[in-house]
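Accompanying notes for the structure given below.
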Amino acid sequence: MPVSEKNDFVPVVKPAFLPWQKPFIDQLKDLQKQNRLPHAILLSLPGGEDNLGFIWYLSMSLLCQQGENNQPCGECSSCQLMLANTYPDFKLMGLEYDEKNKK
Ligand SMILES: [Zn+2]
């Protein structure tokens with residue numbers, strides 16, 4: 001069964017990050033290792049389609065059960081749920097963009 005028939009809301013997201021975003025990922029992973037990670041994270045990112053990939057990568061990094069070097073493994077149950085956009089505790093919220101008014 002094609003994915004689109006299974007869940008029409010699965011985004012086509014390739015988890016990725018840009019080199020200058022790595023220190024931020026490492027900082028959050030350090031907080032997580034110290035058990036000081038906040039319950040919610042508000043990100044203010046410049047516009048662009050790359051943001052979704054970074055958000056997914058960062059979330060997978062934090063939720064992964066067996067990743068190394070602050071990188072998600074992509075294979076554990078948490079990573080698989082994130083890749084399928086079915087992780088039960090992950091909620092992505094954002095502002096609605098009005099194409100007409102460019103706001
Ligand atoms: Zn994983």
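Within each chain, counting starts at residue 1; across the structure tokens, chains are named A, B, ... in the order shown, with ligands numbered 1 upward in that order.
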Shell of 8 Å around ligand 1 (only C-alpha atoms and all ligand atoms), written as a list of chain:residue names: A:Met60, A:Ser61, A:Leu63, A:Cys64, A:Gln65, A:Gln66, A:Gly67, A:Pro72, A:Cys73, A:Gly74, A:Glu75, A:Cys76, A:Ser77, A:Ser78, A:Cys79, A:Gln80
Every residue of region 24-89 of chain A that DSSP places in helix (DSSP H, G or I), as a PyMOL selection string: chain A and resi 24-33+50-63+77-83
Resulting file, chosen residues, N, CA and C atoms, as a compact mmCIF listing (two decimals), in the first residue's frame:
```txt
# COMPACT_ATOMS: atom_id res chain seq x y z
N PHE A 24 23.86 23.93 17.98
CA PHE A 24 22.57 24.00 18.67
C PHE A 24 22.06 22.59 19.01
N ILE A 25 22.22 21.68 18.07
CA ILE A 25 21.83 20.28 18.33
C ILE A 25 22.65 19.73 19.49
N ASP A 26 23.95 19.95 19.46
CA ASP A 26 24.83 19.46 20.53
C ASP A 26 24.46 20.07 21.88
N GLN A 27 24.10 21.35 21.87
CA GLN A 27 23.72 22.02 23.11
C GLN A 27 22.46 21.38 23.71
N LEU A 28 21.48 21.11 22.86
CA LEU A 28 20.25 20.48 23.37
C LEU A 28 20.51 19.04 23.82
N LYS A 29 21.37 18.33 23.10
CA LYS A 29 21.71 16.97 23.51
C LYS A 29 22.43 16.98 24.87
N ASP A 30 23.28 17.97 25.08
CA ASP A 30 23.96 18.08 26.38
C ASP A 30 22.93 18.32 27.49
N LEU A 31 21.97 19.20 27.23
CA LEU A 31 20.91 19.43 28.22
C LEU A 31 20.13 18.15 28.49
N GLN A 32 19.87 17.40 27.44
CA GLN A 32 19.14 16.14 27.58
C GLN A 32 19.93 15.16 28.45
N LYS A 33 21.24 15.07 28.21
CA LYS A 33 22.08 14.16 29.00
C LYS A 33 22.12 14.57 30.47
N ASP A 50 14.01 24.37 4.08
CA ASP A 50 14.98 23.57 4.81
C ASP A 50 14.63 23.46 6.29
N ASN A 51 13.81 24.39 6.79
CA ASN A 51 13.47 24.38 8.21
C ASN A 51 12.82 23.08 8.65
N LEU A 52 11.94 22.55 7.84
CA LEU A 52 11.24 21.33 8.22
C LEU A 52 12.21 20.16 8.36
N GLY A 53 13.17 20.09 7.47
CA GLY A 53 14.18 19.04 7.56
C GLY A 53 15.00 19.16 8.83
N PHE A 54 15.35 20.41 9.19
CA PHE A 54 16.11 20.63 10.42
C PHE A 54 15.28 20.29 11.65
N ILE A 55 14.02 20.70 11.65
CA ILE A 55 13.15 20.40 12.79
C ILE A 55 13.04 18.88 12.96
N TRP A 56 12.90 18.18 11.85
CA TRP A 56 12.80 16.72 11.94
C TRP A 56 14.10 16.10 12.44
N TYR A 57 15.21 16.60 11.93
CA TYR A 57 16.50 16.06 12.34
C TYR A 57 16.73 16.30 13.83
N LEU A 58 16.47 17.52 14.26
CA LEU A 58 16.65 17.86 15.68
C LEU A 58 15.75 17.00 16.56
N SER A 59 14.50 16.86 16.17
CA SER A 59 13.56 16.06 16.96
C SER A 59 13.99 14.61 17.01
N MET A 60 14.39 14.08 15.87
CA MET A 60 14.84 12.68 15.84
C MET A 60 16.08 12.51 16.71
N SER A 61 16.98 13.50 16.69
CA SER A 61 18.18 13.41 17.52
C SER A 61 17.83 13.32 19.00
N LEU A 62 16.82 14.08 19.40
CA LEU A 62 16.42 14.10 20.81
C LEU A 62 15.62 12.86 21.20
N LEU A 63 14.89 12.29 20.27
CA LEU A 63 14.01 11.16 20.59
C LEU A 63 14.65 9.80 20.32
N SER A 77 12.71 2.42 16.99
CA SER A 77 11.27 2.64 16.89
C SER A 77 10.93 4.14 16.92
N SER A 78 11.65 4.91 17.72
CA SER A 78 11.39 6.36 17.77
C SER A 78 11.69 7.01 16.43
N CYS A 79 12.81 6.67 15.84
CA CYS A 79 13.16 7.24 14.53
C CYS A 79 12.14 6.81 13.48
N GLN A 80 11.73 5.55 13.51
CA GLN A 80 10.76 5.07 12.53
C GLN A 80 9.42 5.79 12.69
N LEU A 81 9.01 6.03 13.93
CA LEU A 81 7.76 6.76 14.16
C LEU A 81 7.88 8.21 13.68
N MET A 82 9.04 8.83 13.91
CA MET A 82 9.23 10.20 13.43
C MET A 82 9.23 10.24 11.90
N LEU A 83 9.88 9.28 11.28
CA LEU A 83 9.93 9.27 9.81
C LEU A 83 8.55 9.03 9.20
```
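With only C-alpha atoms as the basis for measurement, A:Lys22 is the residue among A:Val13, A:Lys22, A:Gly94, A:Leu37 that approaches Gln71 (chain A) most closely.
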Point-to-point distance from CA of Leu45 (chain A) to CA of Leu95 (chain A), Å rounded to tenths: 11.7 Å
